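All remarks here apply to the structure that follows.
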Amino acid sequence: MIKRQGQISKISGQELYISFTQSAMCAHCQIKENCLSSAHQKRELKALVSNPADFQIGETVEIEISTLNSTYALLLGYGLPLIVLLGVSFLCSMAKLSENTNALSSIAAVIIYYIWLSFYKKKLEKKFHITVHKIASTSKIGCN
């Protein structure tokens, strides 16, 4: 499971929009506040919940995504487009097309793949289960 903390920025129907800072390997970096890297950015994630009334805007929550879902998303976003790119390039090479035609055909195939993927966005969102947990308050009152 991949866990991350974020803040609820918007509630719309049964959808929670959770903002968090994506920071891969940035925890110990001395210049992380001034970083322009894509690895250290503000991100927003949409999660469907059955009980949106239990949450408030500004509340800190923990989101949980299964490793299987993460792997599936990586495969759809990076793995399959790479296979499409290499496959079309190989087919163009076998057909003895020029290098320019080969390159343009390969790039066009990847663009078509991403357009096709965008048509299934709603359906894919339902497959990716994101669990949202309230963070329990750990402060103790009146302890001596």
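Lettering and numbering for the structure tokens are positional, with chains as A, B, ... in the shown order, residues counted from 1 in each chain, and ligands counted from 1 in the shown order.
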
Alpha helix (DSSP H) call set, DSSP backbone run, region 42-131 of chain A, as an MDAnalysis selection string: chainID A and resid 67:74 80:94 99:119 121:127

Expected file contents, prior selection, C-alpha atoms, as an mmCIF file, in the first residue's frame:
data_model
loop_
_atom_site.group_PDB
_atom_site.id
_atom_site.type_symbol
_atom_site.label_atom_id
_atom_site.label_comp_id
_atom_site.auth_asym_id
_atom_site.auth_seq_id
_atom_site.Cartn_x
_atom_site.Cartn_y
_atom_site.Cartn_z
ATOM 1 C CA THR A 67 0.360 -1.251 -5.015
ATOM 2 C CA LEU A 68 -1.561 -3.185 -7.668
ATOM 3 C CA ASN A 69 -3.462 -0.038 -8.687
ATOM 4 C CA SER A 70 -0.201 1.913 -8.845
ATOM 5 C CA THR A 71 1.390 -0.731 -11.037
ATOM 6 C CA TYR A 72 -1.663 -0.785 -13.312
ATOM 7 C CA ALA A 73 -1.568 3.014 -13.652
ATOM 8 C CA LEU A 74 2.140 2.940 -14.512
ATOM 9 C CA LEU A 80 1.765 0.402 -23.023
ATOM 10 C CA PRO A 81 2.689 3.652 -24.808
ATOM 11 C CA LEU A 82 6.291 2.424 -24.965
ATOM 12 C CA ILE A 83 5.126 -0.884 -26.432
ATOM 13 C CA VAL A 84 2.961 0.995 -28.975
ATOM 14 C CA LEU A 85 5.875 3.246 -29.902
ATOM 15 C CA LEU A 86 8.328 0.377 -30.352
ATOM 16 C CA GLY A 87 5.763 -1.832 -32.083
ATOM 17 C CA VAL A 88 4.825 0.771 -34.687
ATOM 18 C CA SER A 89 8.487 1.613 -35.190
ATOM 19 C CA PHE A 90 9.281 -2.065 -35.758
ATOM 20 C CA LEU A 91 6.379 -2.472 -38.215
ATOM 21 C CA CYS A 92 7.460 0.629 -40.130
ATOM 22 C CA SER A 93 11.023 -0.701 -40.290
ATOM 23 C CA MET A 94 9.763 -4.042 -41.577
ATOM 24 C CA GLU A 99 13.041 7.088 -40.979
ATOM 25 C CA ASN A 100 10.924 10.252 -40.992
ATOM 26 C CA THR A 101 7.762 8.281 -41.728
ATOM 27 C CA ASN A 102 8.755 5.757 -39.074
ATOM 28 C CA ALA A 103 9.264 8.453 -36.427
ATOM 29 C CA LEU A 104 6.089 10.354 -37.282
ATOM 30 C CA SER A 105 4.006 7.158 -37.387
ATOM 31 C CA SER A 106 5.337 6.036 -34.012
ATOM 32 C CA ILE A 107 4.631 9.388 -32.376
ATOM 33 C CA ALA A 108 1.179 9.566 -33.996
ATOM 34 C CA ALA A 109 0.371 6.076 -32.673
ATOM 35 C CA VAL A 110 1.287 7.124 -29.124
ATOM 36 C CA ILE A 111 -0.826 10.287 -29.443
ATOM 37 C CA ILE A 112 -3.759 8.174 -30.664
ATOM 38 C CA TYR A 113 -3.211 5.804 -27.710
ATOM 39 C CA TYR A 114 -3.428 8.691 -25.206
ATOM 40 C CA ILE A 115 -6.533 10.081 -26.933
ATOM 41 C CA TRP A 116 -8.098 6.609 -26.768
ATOM 42 C CA LEU A 117 -7.138 6.378 -23.093
ATOM 43 C CA SER A 118 -8.790 9.747 -22.365
ATOM 44 C CA PHE A 119 -12.125 8.390 -23.653
ATOM 45 C CA LYS A 121 -10.996 8.109 -18.140
ATOM 46 C CA LYS A 122 -14.304 7.860 -16.241
ATOM 47 C CA LYS A 123 -14.318 4.082 -16.487
ATOM 48 C CA LEU A 124 -10.695 3.862 -15.329
ATOM 49 C CA GLU A 125 -11.328 6.197 -12.381
ATOM 50 C CA LYS A 126 -13.867 3.694 -11.047
ATOM 51 C CA LYS A 127 -11.271 0.891 -11.181
#

Distance of CA of Lys134 (chain A) from CA of Glu64 (chain A), expressed in Å to one decimal place: 11.3 Å

Contact residues around Asp54 (chain A) with only C-alpha atoms at 12 Å, ignoring same-chain residues under 3 positions, as a list in words: Ile8, Ile11, Gln14, Leu16, Val49, Ser50, Asn51, Ile57, Glu59, Val61, Val132, His133 and Lys134 of chain A

Go ahead and write the residues just picked, N, CA, C and O atoms, as an mmCIF file, in the first residue's frame.
data_model
loop_
_atom_site.group_PDB
_atom_site.id
_atom_site.type_symbol
_atom_site.label_atom_id
_atom_site.label_comp_id
_atom_site.auth_asym_id
_atom_site.auth_seq_id
_atom_site.Cartn_x
_atom_site.Cartn_y
_atom_site.Cartn_z
ATOM 1 N N ILE A 8 -7.905 18.183 2.416
ATOM 2 C CA ILE A 8 -9.086 18.263 1.561
ATOM 3 C C ILE A 8 -9.235 19.710 1.089
ATOM 4 O O ILE A 8 -9.327 20.623 1.897
ATOM 5 N N ILE A 11 -14.930 19.642 -1.795
ATOM 6 C CA ILE A 11 -15.869 18.525 -1.705
ATOM 7 C C ILE A 11 -16.983 18.796 -2.702
ATOM 8 O O ILE A 11 -17.613 19.859 -2.677
ATOM 9 N N GLN A 14 -19.975 13.263 -3.975
ATOM 10 C CA GLN A 14 -19.263 12.204 -3.250
ATOM 11 C C GLN A 14 -17.777 12.197 -3.574
ATOM 12 O O GLN A 14 -17.084 11.242 -3.274
ATOM 13 N N LEU A 16 -14.025 13.815 -3.086
ATOM 14 C CA LEU A 16 -13.129 14.642 -2.287
ATOM 15 C C LEU A 16 -11.931 14.976 -3.150
ATOM 16 O O LEU A 16 -11.366 14.102 -3.803
ATOM 17 N N VAL A 49 -15.963 8.876 -2.158
ATOM 18 C CA VAL A 49 -16.261 8.361 -0.820
ATOM 19 C C VAL A 49 -17.769 8.205 -0.678
ATOM 20 O O VAL A 49 -18.548 8.905 -1.324
ATOM 21 N N SER A 50 -18.176 7.291 0.177
ATOM 22 C CA SER A 50 -19.607 7.065 0.377
ATOM 23 C C SER A 50 -20.190 8.009 1.428
ATOM 24 O O SER A 50 -21.398 8.177 1.509
ATOM 25 N N ASN A 51 -19.325 8.625 2.228
ATOM 26 C CA ASN A 51 -19.792 9.479 3.328
ATOM 27 C C ASN A 51 -19.076 10.837 3.311
ATOM 28 O O ASN A 51 -18.319 11.148 4.222
ATOM 29 N N ILE A 57 -13.567 20.629 4.483
ATOM 30 C CA ILE A 57 -12.510 21.276 3.708
ATOM 31 C C ILE A 57 -11.422 21.750 4.673
ATOM 32 O O ILE A 57 -11.705 22.299 5.728
ATOM 33 N N GLU A 59 -9.372 19.737 6.234
ATOM 34 C CA GLU A 59 -9.035 18.621 7.121
ATOM 35 C C GLU A 59 -7.886 17.805 6.525
ATOM 36 O O GLU A 59 -7.824 17.567 5.333
ATOM 37 N N VAL A 61 -6.086 14.394 5.895
ATOM 38 C CA VAL A 61 -6.488 12.993 5.786
ATOM 39 C C VAL A 61 -5.313 12.177 5.235
ATOM 40 O O VAL A 61 -4.337 12.724 4.732
ATOM 41 N N VAL A 132 -9.688 6.797 1.727
ATOM 42 C CA VAL A 132 -9.421 8.016 2.485
ATOM 43 C C VAL A 132 -9.706 7.731 3.954
ATOM 44 O O VAL A 132 -10.782 7.249 4.303
ATOM 45 N N HIS A 133 -8.715 8.014 4.807
ATOM 46 C CA HIS A 133 -8.860 7.816 6.254
ATOM 47 C C HIS A 133 -8.683 9.146 6.967
ATOM 48 O O HIS A 133 -7.798 9.919 6.628
ATOM 49 N N LYS A 134 -9.530 9.355 7.963
ATOM 50 C CA LYS A 134 -9.328 10.509 8.841
ATOM 51 C C LYS A 134 -8.102 10.226 9.699
ATOM 52 O O LYS A 134 -7.862 9.085 10.083
#

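Put simply, CA of Ser19 (chain A) is 8.8 Å away from CA of Gln5 (chain A).
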
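Counting from CA of Phe55 (chain A), the distance to CA of Gly6 (chain A) is 12.7 Å.
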